[in-house]
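Pasting run36.txt here (compact mmCIF, N, CA and C atoms):
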# COMPACT_ATOMS: atom_id res chain seq x y z
N GLN A 1 123.39 -163.23 128.34
CA GLN A 1 123.05 -162.94 129.72
C GLN A 1 122.39 -164.17 130.33
N VAL A 2 122.50 -164.30 131.65
CA VAL A 2 121.89 -165.42 132.35
C VAL A 2 121.30 -164.92 133.66
N GLN A 3 120.18 -165.49 134.03
CA GLN A 3 119.55 -165.19 135.30
C GLN A 3 119.71 -166.41 136.22
N LEU A 4 120.02 -166.12 137.47
CA LEU A 4 120.30 -167.18 138.43
C LEU A 4 119.36 -167.06 139.63
N VAL A 5 118.78 -168.18 140.03
CA VAL A 5 117.88 -168.19 141.17
C VAL A 5 118.28 -169.34 142.10
N GLU A 6 118.71 -168.98 143.31
CA GLU A 6 119.09 -169.99 144.29
C GLU A 6 117.88 -170.43 145.11
N SER A 7 117.96 -171.64 145.62
CA SER A 7 116.93 -172.16 146.52
C SER A 7 117.56 -173.23 147.39
N GLY A 8 116.82 -173.60 148.45
CA GLY A 8 117.26 -174.70 149.28
C GLY A 8 117.84 -174.31 150.63
N GLY A 9 117.98 -173.02 150.86
CA GLY A 9 118.51 -172.59 152.15
C GLY A 9 117.51 -172.84 153.26
N GLY A 10 117.97 -172.66 154.49
CA GLY A 10 117.08 -172.84 155.63
C GLY A 10 117.84 -172.87 156.94
N LEU A 11 117.09 -173.21 157.98
CA LEU A 11 117.65 -173.31 159.33
C LEU A 11 117.84 -174.79 159.66
N VAL A 12 119.07 -175.16 159.98
CA VAL A 12 119.38 -176.54 160.32
C VAL A 12 120.25 -176.57 161.57
N GLN A 13 120.42 -177.77 162.10
CA GLN A 13 121.27 -177.93 163.27
C GLN A 13 122.67 -178.38 162.83
N ALA A 14 123.63 -178.13 163.69
CA ALA A 14 125.00 -178.56 163.41
C ALA A 14 125.02 -180.06 163.15
N GLY A 15 125.75 -180.44 162.12
CA GLY A 15 125.84 -181.84 161.74
C GLY A 15 124.85 -182.25 160.66
N ASP A 16 123.86 -181.41 160.40
CA ASP A 16 122.86 -181.72 159.37
C ASP A 16 123.42 -181.48 157.98
N SER A 17 122.62 -181.88 157.01
CA SER A 17 122.95 -181.67 155.60
C SER A 17 121.90 -180.80 154.94
N LEU A 18 122.31 -180.18 153.84
CA LEU A 18 121.42 -179.30 153.09
C LEU A 18 121.91 -179.27 151.66
N ARG A 19 120.99 -179.20 150.70
CA ARG A 19 121.40 -179.07 149.31
C ARG A 19 120.84 -177.78 148.73
N LEU A 20 121.72 -176.96 148.25
CA LEU A 20 121.34 -175.74 147.56
C LEU A 20 121.27 -176.01 146.06
N SER A 21 120.34 -175.33 145.42
CA SER A 21 120.21 -175.41 143.97
C SER A 21 120.27 -174.00 143.40
N CYS A 22 120.76 -173.93 142.18
CA CYS A 22 120.80 -172.65 141.48
C CYS A 22 120.34 -172.91 140.05
N ALA A 23 119.17 -172.40 139.73
CA ALA A 23 118.59 -172.59 138.40
C ALA A 23 118.96 -171.41 137.51
N ALA A 24 119.43 -171.72 136.33
CA ALA A 24 119.86 -170.69 135.39
C ALA A 24 118.92 -170.62 134.19
N SER A 25 118.70 -169.43 133.70
CA SER A 25 117.91 -169.25 132.49
C SER A 25 118.57 -168.18 131.65
N GLY A 26 118.37 -168.28 130.35
CA GLY A 26 118.97 -167.31 129.46
C GLY A 26 119.98 -167.96 128.54
N ARG A 27 121.15 -167.42 128.52
CA ARG A 27 122.21 -167.88 127.62
C ARG A 27 122.60 -169.31 127.93
N THR A 28 123.22 -169.97 127.00
CA THR A 28 123.58 -171.37 127.10
C THR A 28 124.33 -171.69 128.39
N PHE A 29 123.70 -172.46 129.25
CA PHE A 29 124.24 -172.74 130.57
C PHE A 29 125.58 -173.44 130.49
N SER A 30 125.74 -174.31 129.52
CA SER A 30 126.97 -175.09 129.42
C SER A 30 128.18 -174.24 129.03
N GLY A 31 127.94 -172.97 128.73
CA GLY A 31 129.05 -172.08 128.43
C GLY A 31 129.61 -171.37 129.65
N TYR A 32 129.04 -171.65 130.81
CA TYR A 32 129.43 -170.96 132.04
C TYR A 32 130.14 -171.90 133.01
N ALA A 33 131.25 -171.46 133.55
CA ALA A 33 131.74 -172.05 134.78
C ALA A 33 130.88 -171.47 135.90
N MET A 34 130.64 -172.26 136.93
CA MET A 34 129.75 -171.82 138.00
C MET A 34 130.47 -171.86 139.34
N GLY A 35 130.08 -170.95 140.18
CA GLY A 35 130.68 -170.90 141.51
C GLY A 35 129.65 -170.65 142.58
N TRP A 36 129.98 -171.04 143.79
CA TRP A 36 129.21 -170.71 144.99
C TRP A 36 130.09 -169.86 145.89
N PHE A 37 129.51 -168.81 146.40
CA PHE A 37 130.17 -167.92 147.34
C PHE A 37 129.25 -167.73 148.53
N ARG A 38 129.78 -167.24 149.62
CA ARG A 38 128.95 -166.96 150.77
C ARG A 38 129.42 -165.70 151.47
N GLN A 39 128.50 -165.10 152.19
CA GLN A 39 128.82 -163.90 152.95
C GLN A 39 128.07 -163.92 154.26
N ALA A 40 128.82 -163.89 155.34
CA ALA A 40 128.23 -163.83 156.67
C ALA A 40 128.14 -162.37 157.10
N PRO A 41 127.23 -162.05 158.03
CA PRO A 41 127.09 -160.67 158.48
C PRO A 41 128.41 -160.11 158.99
N GLY A 42 128.77 -158.93 158.50
CA GLY A 42 129.98 -158.28 158.95
C GLY A 42 131.26 -158.81 158.36
N LYS A 43 131.13 -159.77 157.44
CA LYS A 43 132.32 -160.37 156.83
C LYS A 43 132.29 -160.16 155.33
N GLU A 44 133.46 -160.31 154.73
CA GLU A 44 133.55 -160.19 153.28
C GLU A 44 133.04 -161.47 152.62
N ARG A 45 132.63 -161.32 151.38
CA ARG A 45 132.22 -162.47 150.60
C ARG A 45 133.41 -163.40 150.42
N GLU A 46 133.15 -164.70 150.51
CA GLU A 46 134.24 -165.65 150.34
C GLU A 46 133.85 -166.77 149.38
N PHE A 47 134.84 -167.27 148.70
CA PHE A 47 134.68 -168.37 147.78
C PHE A 47 134.35 -169.65 148.54
N VAL A 48 133.44 -170.44 147.98
CA VAL A 48 133.09 -171.73 148.57
C VAL A 48 133.49 -172.87 147.64
N ALA A 49 133.00 -172.83 146.40
CA ALA A 49 133.27 -173.93 145.47
C ALA A 49 133.06 -173.44 144.04
N ALA A 50 133.71 -174.12 143.10
CA ALA A 50 133.55 -173.81 141.69
C ALA A 50 133.57 -175.09 140.88
N ILE A 51 132.92 -175.03 139.71
CA ILE A 51 132.89 -176.18 138.82
C ILE A 51 133.03 -175.67 137.39
N SER A 52 133.78 -176.40 136.60
CA SER A 52 134.00 -176.02 135.22
C SER A 52 132.73 -176.19 134.40
N ARG A 53 132.72 -175.60 133.21
CA ARG A 53 131.50 -175.68 132.40
C ARG A 53 131.21 -177.10 131.99
N GLY A 54 132.24 -177.91 131.85
CA GLY A 54 132.05 -179.31 131.50
C GLY A 54 131.73 -180.19 132.69
N GLY A 55 131.89 -179.64 133.88
CA GLY A 55 131.60 -180.40 135.10
C GLY A 55 132.69 -181.36 135.51
N ASP A 56 133.83 -181.33 134.78
CA ASP A 56 134.86 -182.34 135.07
C ASP A 56 135.89 -181.91 136.09
N THR A 57 135.93 -180.63 136.40
CA THR A 57 136.86 -180.17 137.41
C THR A 57 136.13 -179.30 138.43
N THR A 58 136.54 -179.43 139.67
CA THR A 58 135.94 -178.68 140.77
C THR A 58 137.05 -178.17 141.69
N ASN A 59 136.69 -177.19 142.50
CA ASN A 59 137.62 -176.64 143.47
C ASN A 59 136.83 -176.19 144.69
N TYR A 60 137.44 -176.29 145.86
CA TYR A 60 136.75 -175.96 147.10
C TYR A 60 137.64 -175.12 148.00
N ALA A 61 137.00 -174.29 148.78
CA ALA A 61 137.71 -173.61 149.86
C ALA A 61 138.12 -174.65 150.88
N ASP A 62 139.25 -174.41 151.52
CA ASP A 62 139.74 -175.36 152.51
C ASP A 62 138.72 -175.58 153.63
N SER A 63 137.96 -174.56 153.96
CA SER A 63 137.02 -174.64 155.07
C SER A 63 135.86 -175.58 154.81
N VAL A 64 135.61 -175.91 153.54
CA VAL A 64 134.48 -176.78 153.22
C VAL A 64 134.91 -178.08 152.55
N LYS A 65 136.17 -178.20 152.26
CA LYS A 65 136.67 -179.38 151.56
C LYS A 65 136.36 -180.64 152.37
N GLY A 66 135.81 -181.63 151.68
CA GLY A 66 135.44 -182.87 152.35
C GLY A 66 134.04 -182.87 152.91
N ARG A 67 133.42 -181.69 153.00
CA ARG A 67 132.06 -181.60 153.53
C ARG A 67 131.05 -181.14 152.47
N PHE A 68 131.49 -180.31 151.55
CA PHE A 68 130.61 -179.79 150.50
C PHE A 68 130.97 -180.40 149.15
N THR A 69 129.97 -180.56 148.30
CA THR A 69 130.18 -181.06 146.95
C THR A 69 129.40 -180.22 145.96
N ILE A 70 130.10 -179.69 144.98
CA ILE A 70 129.45 -178.94 143.91
C ILE A 70 129.26 -179.86 142.72
N SER A 71 128.12 -179.72 142.07
CA SER A 71 127.84 -180.51 140.88
C SER A 71 126.93 -179.70 139.97
N ARG A 72 126.76 -180.17 138.76
CA ARG A 72 125.90 -179.47 137.82
C ARG A 72 125.22 -180.47 136.90
N ASP A 73 124.04 -180.06 136.43
CA ASP A 73 123.29 -180.83 135.46
C ASP A 73 123.00 -179.88 134.31
N ASN A 74 123.79 -179.98 133.27
CA ASN A 74 123.62 -179.03 132.16
C ASN A 74 122.30 -179.23 131.42
N ALA A 75 121.74 -180.43 131.49
CA ALA A 75 120.44 -180.66 130.85
C ALA A 75 119.33 -179.93 131.60
N LYS A 76 119.53 -179.71 132.90
CA LYS A 76 118.53 -179.02 133.72
C LYS A 76 118.92 -177.58 134.02
N ASN A 77 120.05 -177.13 133.46
CA ASN A 77 120.51 -175.76 133.69
C ASN A 77 120.60 -175.44 135.18
N THR A 78 121.14 -176.36 135.93
CA THR A 78 121.16 -176.22 137.37
C THR A 78 122.52 -176.62 137.94
N VAL A 79 122.96 -175.86 138.93
CA VAL A 79 124.16 -176.22 139.69
C VAL A 79 123.73 -176.43 141.14
N TYR A 80 124.39 -177.37 141.79
CA TYR A 80 124.02 -177.75 143.14
C TYR A 80 125.20 -177.57 144.09
N LEU A 81 124.87 -177.40 145.35
CA LEU A 81 125.88 -177.44 146.40
C LEU A 81 125.34 -178.33 147.51
N GLN A 82 125.87 -179.53 147.58
CA GLN A 82 125.50 -180.45 148.65
C GLN A 82 126.38 -180.17 149.85
N MET A 83 125.76 -179.83 150.96
CA MET A 83 126.49 -179.48 152.17
C MET A 83 126.18 -180.49 153.26
N SER A 84 127.20 -181.05 153.85
CA SER A 84 127.02 -182.01 154.93
C SER A 84 127.90 -181.62 156.11
N SER A 85 127.63 -182.25 157.23
CA SER A 85 128.37 -181.95 158.47
C SER A 85 128.44 -180.44 158.70
N LEU A 86 127.31 -179.80 158.57
CA LEU A 86 127.27 -178.35 158.68
C LEU A 86 127.67 -177.87 160.07
N LYS A 87 128.33 -176.73 160.09
CA LYS A 87 128.82 -176.13 161.33
C LYS A 87 128.21 -174.73 161.47
N PRO A 88 128.13 -174.23 162.70
CA PRO A 88 127.60 -172.87 162.87
C PRO A 88 128.36 -171.84 162.04
N GLU A 89 129.63 -172.03 161.83
CA GLU A 89 130.42 -171.08 161.05
C GLU A 89 130.10 -171.13 159.56
N ASP A 90 129.28 -172.08 159.14
CA ASP A 90 128.80 -172.10 157.75
C ASP A 90 127.62 -171.16 157.54
N THR A 91 127.11 -170.60 158.63
CA THR A 91 125.98 -169.68 158.52
C THR A 91 126.35 -168.48 157.67
N ALA A 92 125.55 -168.25 156.63
CA ALA A 92 125.82 -167.15 155.70
C ALA A 92 124.73 -167.11 154.64
N ALA A 93 124.72 -166.04 153.87
CA ALA A 93 123.95 -166.01 152.64
C ALA A 93 124.81 -166.64 151.55
N TYR A 94 124.24 -167.56 150.83
CA TYR A 94 124.97 -168.28 149.79
C TYR A 94 124.51 -167.80 148.41
N TYR A 95 125.48 -167.50 147.58
CA TYR A 95 125.20 -166.98 146.25
C TYR A 95 125.84 -167.88 145.19
N CYS A 96 125.09 -168.13 144.13
CA CYS A 96 125.72 -168.77 142.99
C CYS A 96 126.08 -167.69 141.98
N ALA A 97 127.06 -167.99 141.16
CA ALA A 97 127.57 -167.03 140.19
C ALA A 97 127.98 -167.76 138.92
N ALA A 98 127.92 -167.02 137.81
CA ALA A 98 128.23 -167.60 136.50
C ALA A 98 129.32 -166.80 135.81
N ASP A 99 130.24 -167.51 135.21
CA ASP A 99 131.38 -166.92 134.50
C ASP A 99 131.37 -167.48 133.08
N TRP A 100 131.15 -166.61 132.10
CA TRP A 100 131.07 -167.04 130.70
C TRP A 100 132.46 -167.42 130.20
N VAL A 101 132.63 -168.71 129.94
CA VAL A 101 133.95 -169.24 129.56
C VAL A 101 133.83 -170.17 128.37
N ALA A 102 132.87 -169.89 127.50
CA ALA A 102 132.59 -170.79 126.38
C ALA A 102 133.80 -171.00 125.49
N TYR A 103 134.72 -170.03 125.44
CA TYR A 103 135.88 -170.13 124.55
C TYR A 103 137.13 -170.58 125.30
N TYR A 104 136.95 -170.94 126.54
CA TYR A 104 138.04 -171.47 127.34
C TYR A 104 137.98 -172.99 127.34
N SER A 105 138.99 -173.60 127.89
CA SER A 105 138.97 -175.03 128.08
C SER A 105 137.73 -175.43 128.88
N SER A 106 137.17 -176.57 128.57
CA SER A 106 135.98 -177.03 129.29
C SER A 106 136.30 -177.34 130.75
N SER A 107 137.58 -177.39 131.10
CA SER A 107 137.99 -177.68 132.47
C SER A 107 138.27 -176.42 133.27
N TYR A 108 138.12 -175.27 132.65
CA TYR A 108 138.48 -174.02 133.32
C TYR A 108 137.46 -173.64 134.39
N TYR A 109 137.96 -173.08 135.49
CA TYR A 109 137.12 -172.49 136.52
C TYR A 109 137.98 -171.46 137.25
N THR A 110 137.35 -170.64 138.06
CA THR A 110 138.09 -169.69 138.86
C THR A 110 137.46 -169.55 140.23
N ASP A 111 138.28 -169.20 141.21
CA ASP A 111 137.76 -168.94 142.55
C ASP A 111 137.73 -167.43 142.85
N ARG A 112 137.98 -166.63 141.83
CA ARG A 112 138.00 -165.17 142.01
C ARG A 112 136.62 -164.60 141.71
N GLY A 113 136.00 -164.06 142.72
CA GLY A 113 134.65 -163.54 142.56
C GLY A 113 134.53 -162.48 141.49
N GLY A 114 135.57 -161.68 141.32
CA GLY A 114 135.54 -160.62 140.33
C GLY A 114 135.46 -161.10 138.90
N GLU A 115 135.73 -162.38 138.68
CA GLU A 115 135.68 -162.93 137.33
C GLU A 115 134.25 -163.34 136.93
N TYR A 116 133.37 -163.42 137.89
CA TYR A 116 132.01 -163.87 137.61
C TYR A 116 131.14 -162.68 137.23
N GLU A 117 130.45 -162.82 136.11
CA GLU A 117 129.66 -161.72 135.57
C GLU A 117 128.24 -161.65 136.14
N TYR A 118 127.69 -162.78 136.52
CA TYR A 118 126.29 -162.83 136.93
C TYR A 118 126.17 -163.50 138.30
N TRP A 119 125.24 -162.95 139.08
CA TRP A 119 125.04 -163.41 140.44
C TRP A 119 123.56 -163.60 140.72
N GLY A 120 123.26 -164.59 141.57
CA GLY A 120 121.91 -164.76 142.04
C GLY A 120 121.63 -163.84 143.21
N GLN A 121 120.42 -163.93 143.74
CA GLN A 121 120.01 -163.05 144.83
C GLN A 121 120.39 -163.60 146.20
N GLY A 122 120.80 -164.87 146.24
CA GLY A 122 121.25 -165.45 147.48
C GLY A 122 120.18 -166.23 148.20
N THR A 123 120.61 -167.20 148.98
CA THR A 123 119.72 -167.97 149.84
C THR A 123 120.41 -168.12 151.20
N GLN A 124 119.65 -167.94 152.27
CA GLN A 124 120.22 -167.92 153.60
C GLN A 124 120.33 -169.34 154.17
N VAL A 125 121.49 -169.62 154.71
CA VAL A 125 121.72 -170.86 155.44
C VAL A 125 122.11 -170.50 156.87
N THR A 126 121.35 -171.03 157.82
CA THR A 126 121.63 -170.77 159.23
C THR A 126 121.81 -172.12 159.93
N VAL A 127 122.94 -172.26 160.58
CA VAL A 127 123.26 -173.51 161.27
C VAL A 127 123.32 -173.23 162.77
N SER A 128 122.44 -173.86 163.52
CA SER A 128 122.42 -173.65 164.96
C SER A 128 123.27 -174.71 165.65
N SER A 129 123.83 -174.31 166.78
CA SER A 129 124.71 -175.24 167.52
C SER A 129 123.93 -176.09 168.50
Mind converting the file's structure to structure tokens?
Amino acid sequence: QVQLVESGGGLVQAGDSLRLSCAASGRTFSGYAMGWFRQAPGKEREFVAAISRGGDTTNYADSVKGRFTISRDNAKNTVYLQMSSLKPEDTAAYYCAADWVAYYSSSYYTDRGGEYEYWGQGTQVTVSS
């Protein structure tokens, strides 16, 4: 089992940058592929970014590609989401999630939320125009 705690959200203006962090505790962090998802009021949860357990492969939603960067530090049990050129439509609660893939290829990841077993409590990002 793993516990996830997000931080770094806040209120920013359009065009600003923000870095979210997700600290993990519990089971071996390097055995998890990690993902970021977001949910805006009245909308369904959507995939944002994912990174393999080895950190060598990443994937992004088209809406954030080129603006967001996911990374991880397995020594610190932390995954990050660097967000730049933020837009009002990026406003949402952001959640990190963990998918136990220790027996999969180190390059494996998924963008399907249903595959992730553990979720954080979320951190709010609000982008004003």
Enclose all atoms of range 38-56 of chain A listed in the file in an axis-aligned box, grow every side by 3 Å, and hand back centre and edge lengths in Å to one decimal, as JSON.
{"center_x": 131.5, "center_y": -170.3, "center_z": 145.2, "size_x": 14.8, "size_y": 30.1, "size_z": 33.5}
### Query
Got a sec to tell me which of chain A DSSP assigns to strand (DSSP E or B), as number ranges by chain?
A: 2-7, 10-13, 18-26, 32-39, 46-51, 58-60, 68-73, 78-83, 92-100, 118-119, 123-128
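Proximity of A:Gly10, A:Arg19, A:Ala98, A:Glu46 to Asn77 in chain A, computed with only C-alpha atoms, is greatest for A:Ala98.
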### Task
Using only N, CA and C atoms, find the one residue out of A:Val125, A:Ser105, A:Ala33, A:Gly54 that sits nearest to Thr91 in chain A.
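Of A:Val125, A:Ser105, A:Ala33, A:Gly54, the one nearest Thr91 in chain A is A:Val125, counting only N, CA and C atoms.
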### Task
With a distance cut-off of 5 Å and only N, CA and C atoms, select the neighbouring residues of Leu20 in chain A, excluding the residue or stretch itself and same-chain residues fewer than 2 positions from it, and output the selection as a PyMOL selection string.
chain A and resi 7-8+18+22+80-82
### Query
Any idea what's packed within 8 Å of Ser129 in chain A, counting all atoms listed in the file, ignoring anything in its chain fewer than 3 positions away? Could you give it as a ChimeraX atom specification?
/A:12-15,87-89,126
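The interatomic distance for the pair CA of Thr110 in chain A and CA of Asp16 in chain A works out to 28.2 Å.
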Tyr94 in chain A environment, 8 Å, only C-alpha atoms, sequence neighbours closer than 6 positions dropped, as a tab-separated table (two decimals) with N, CA and C atoms, in the frame of the given file:
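And here's out_25.tsv as it stands now:
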chain	number	residue	atom	x	y	z
A	36	TRP	N	129.98	-171.04	143.79
A	36	TRP	CA	129.21	-170.71	144.99
A	36	TRP	C	130.09	-169.86	145.89
A	37	PHE	N	129.51	-168.81	146.40
A	37	PHE	CA	130.17	-167.92	147.34
A	37	PHE	C	129.25	-167.73	148.53
A	38	ARG	N	129.78	-167.24	149.62
A	38	ARG	CA	128.95	-166.96	150.77
A	38	ARG	C	129.42	-165.70	151.47
A	39	GLN	N	128.50	-165.10	152.19
A	39	GLN	CA	128.82	-163.90	152.95
A	39	GLN	C	128.07	-163.92	154.26
A	122	GLY	N	120.80	-164.87	146.24
A	122	GLY	CA	121.25	-165.45	147.48
A	122	GLY	C	120.18	-166.23	148.20
A	123	THR	N	120.61	-167.20	148.98
A	123	THR	CA	119.72	-167.97	149.84
A	123	THR	C	120.41	-168.12	151.20
A	124	GLN	N	119.65	-167.94	152.27
A	124	GLN	CA	120.22	-167.92	153.60
A	124	GLN	C	120.33	-169.34	154.17
A	125	VAL	N	121.49	-169.62	154.71
A	125	VAL	CA	121.72	-170.86	155.44
A	125	VAL	C	122.11	-170.50	156.87
### Task
Just give me the gap between atom N of Asp90 in chain A and CA of Tyr60 in chain A in Å, one decimal is fine.
14.7 Å
### Task
For Ala49 in chain A, work out the shell of residues within 9 Å, counting only C-alpha atoms and skipping chain neighbours fewer than 3 positions away, then give it as a list in words.
Met34, Gly35, Trp36, Phe37, Thr58, Asn59, Tyr60, Ala61, Val64, Lys65, Phe68, Thr69, Ile70, Leu81 and Asp111 of chain A
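The residue that comes closest to Tyr116 in chain A, out of A:Ser25, A:Ser63, A:Thr78, A:Gln1 and on the basis of only C-alpha atoms, is A:Gln1.
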### Query
Just how far from atom N of Ala102 in chain A is atom C of Arg27 in chain A, in Å to one decimal?
10.3 Å
### Summary
Counting all atoms listed in the file, the residue among A:Gly31, A:Gly120, A:Gly26, A:Gly55 that lies closest to Trp100 in chain A is A:Gly31
#### Entry: Residue list (helix (DSSP H, G or I), DSSP) for chain A, as a list of chain:residue names
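Of chain A, only A:Phe29, A:Ser30, A:Gly31, A:Pro88, A:Glu89, A:Asp90, A:Gly113, A:Gly114, A:Glu115 fall in helix (DSSP H, G or I).
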### Message
My list of candidates is A:Ala92, A:Ala23, A:Ile51, A:Val101. Which is closest to Ser71 in chain A when distances are computed with only C-alpha atoms?
### Response
A:Ile51
### Closest of A:Phe29, A:Arg45, A:Ala40, A:Ser21 to Val2 in chain A - atom-to-atom distances counting only C-alpha atoms
A:Phe29
Return range 84-99 of chain A, completed with N, CA, C and O atoms, as a PDB file, in the coordinates of the input.
ATOM      1  N   SER A  84     127.200-181.050 153.850  1.00  0.00           N
ATOM      2  CA  SER A  84     127.020-182.010 154.930  1.00  0.00           C
ATOM      3  C   SER A  84     127.900-181.620 156.110  1.00  0.00           C
ATOM      4  O   SER A  84     128.788-180.774 155.982  1.00  0.00           O
ATOM      5  N   SER A  85     127.630-182.250 157.230  1.00  0.00           N
ATOM      6  CA  SER A  85     128.370-181.950 158.470  1.00  0.00           C
ATOM      7  C   SER A  85     128.440-180.440 158.700  1.00  0.00           C
ATOM      8  O   SER A  85     129.505-179.882 158.980  1.00  0.00           O
ATOM      9  N   LEU A  86     127.310-179.800 158.570  1.00  0.00           N
ATOM     10  CA  LEU A  86     127.270-178.350 158.680  1.00  0.00           C
ATOM     11  C   LEU A  86     127.670-177.870 160.070  1.00  0.00           C
ATOM     12  O   LEU A  86     127.396-178.538 161.074  1.00  0.00           O
ATOM     13  N   LYS A  87     128.330-176.730 160.090  1.00  0.00           N
ATOM     14  CA  LYS A  87     128.820-176.130 161.330  1.00  0.00           C
ATOM     15  C   LYS A  87     128.210-174.730 161.470  1.00  0.00           C
ATOM     16  O   LYS A  87     127.846-174.098 160.471  1.00  0.00           O
ATOM     17  N   PRO A  88     128.130-174.230 162.700  1.00  0.00           N
ATOM     18  CA  PRO A  88     127.600-172.870 162.870  1.00  0.00           C
ATOM     19  C   PRO A  88     128.360-171.840 162.040  1.00  0.00           C
ATOM     20  O   PRO A  88     127.759-170.863 161.570  1.00  0.00           O
ATOM     21  N   GLU A  89     129.630-172.030 161.830  1.00  0.00           N
ATOM     22  CA  GLU A  89     130.420-171.080 161.050  1.00  0.00           C
ATOM     23  C   GLU A  89     130.100-171.130 159.560  1.00  0.00           C
ATOM     24  O   GLU A  89     130.599-170.299 158.799  1.00  0.00           O
ATOM     25  N   ASP A  90     129.280-172.080 159.140  1.00  0.00           N
ATOM     26  CA  ASP A  90     128.800-172.100 157.750  1.00  0.00           C
ATOM     27  C   ASP A  90     127.620-171.160 157.540  1.00  0.00           C
ATOM     28  O   ASP A  90     127.158-170.971 156.415  1.00  0.00           O
ATOM     29  N   THR A  91     127.110-170.600 158.630  1.00  0.00           N
ATOM     30  CA  THR A  91     125.980-169.680 158.520  1.00  0.00           C
ATOM     31  C   THR A  91     126.350-168.480 157.670  1.00  0.00           C
ATOM     32  O   THR A  91     127.341-167.787 157.931  1.00  0.00           O
ATOM     33  N   ALA A  92     125.550-168.250 156.630  1.00  0.00           N
ATOM     34  CA  ALA A  92     125.820-167.150 155.700  1.00  0.00           C
ATOM     35  C   ALA A  92     124.730-167.110 154.640  1.00  0.00           C
ATOM     36  O   ALA A  92     123.934-168.057 154.526  1.00  0.00           O
ATOM     37  N   ALA A  93     124.720-166.040 153.870  1.00  0.00           N
ATOM     38  CA  ALA A  93     123.950-166.010 152.640  1.00  0.00           C
ATOM     39  C   ALA A  93     124.810-166.640 151.550  1.00  0.00           C
ATOM     40  O   ALA A  93     125.984-166.264 151.409  1.00  0.00           O
ATOM     41  N   TYR A  94     124.240-167.560 150.830  1.00  0.00           N
ATOM     42  CA  TYR A  94     124.970-168.280 149.790  1.00  0.00           C
ATOM     43  C   TYR A  94     124.510-167.800 148.410  1.00  0.00           C
ATOM     44  O   TYR A  94     123.310-167.726 148.152  1.00  0.00           O
ATOM     45  N   TYR A  95     125.480-167.500 147.580  1.00  0.00           N
ATOM     46  CA  TYR A  95     125.200-166.980 146.250  1.00  0.00           C
ATOM     47  C   TYR A  95     125.840-167.880 145.190  1.00  0.00           C
ATOM     48  O   TYR A  95     126.992-168.311 145.338  1.00  0.00           O
ATOM     49  N   CYS A  96     125.090-168.130 144.130  1.00  0.00           N
ATOM     50  CA  CYS A  96     125.720-168.770 142.990  1.00  0.00           C
ATOM     51  C   CYS A  96     126.080-167.690 141.980  1.00  0.00           C
ATOM     52  O   CYS A  96     125.476-166.611 141.949  1.00  0.00           O
ATOM     53  N   ALA A  97     127.060-167.990 141.160  1.00  0.00           N
ATOM     54  CA  ALA A  97     127.570-167.030 140.190  1.00  0.00           C
ATOM     55  C   ALA A  97     127.980-167.760 138.920  1.00  0.00           C
ATOM     56  O   ALA A  97     128.351-168.933 138.961  1.00  0.00           O
ATOM     57  N   ALA A  98     127.920-167.020 137.810  1.00  0.00           N
ATOM     58  CA  ALA A  98     128.230-167.600 136.500  1.00  0.00           C
ATOM     59  C   ALA A  98     129.320-166.800 135.810  1.00  0.00           C
ATOM     60  O   ALA A  98     129.297-165.563 135.810  1.00  0.00           O
ATOM     61  N   ASP A  99     130.240-167.510 135.210  1.00  0.00           N
ATOM     62  CA  ASP A  99     131.380-166.920 134.500  1.00  0.00           C
ATOM     63  C   ASP A  99     131.370-167.480 133.080  1.00  0.00           C
ATOM     64  O   ASP A  99     131.555-168.679 132.875  1.00  0.00           O
TER      65      ASP A  99
END
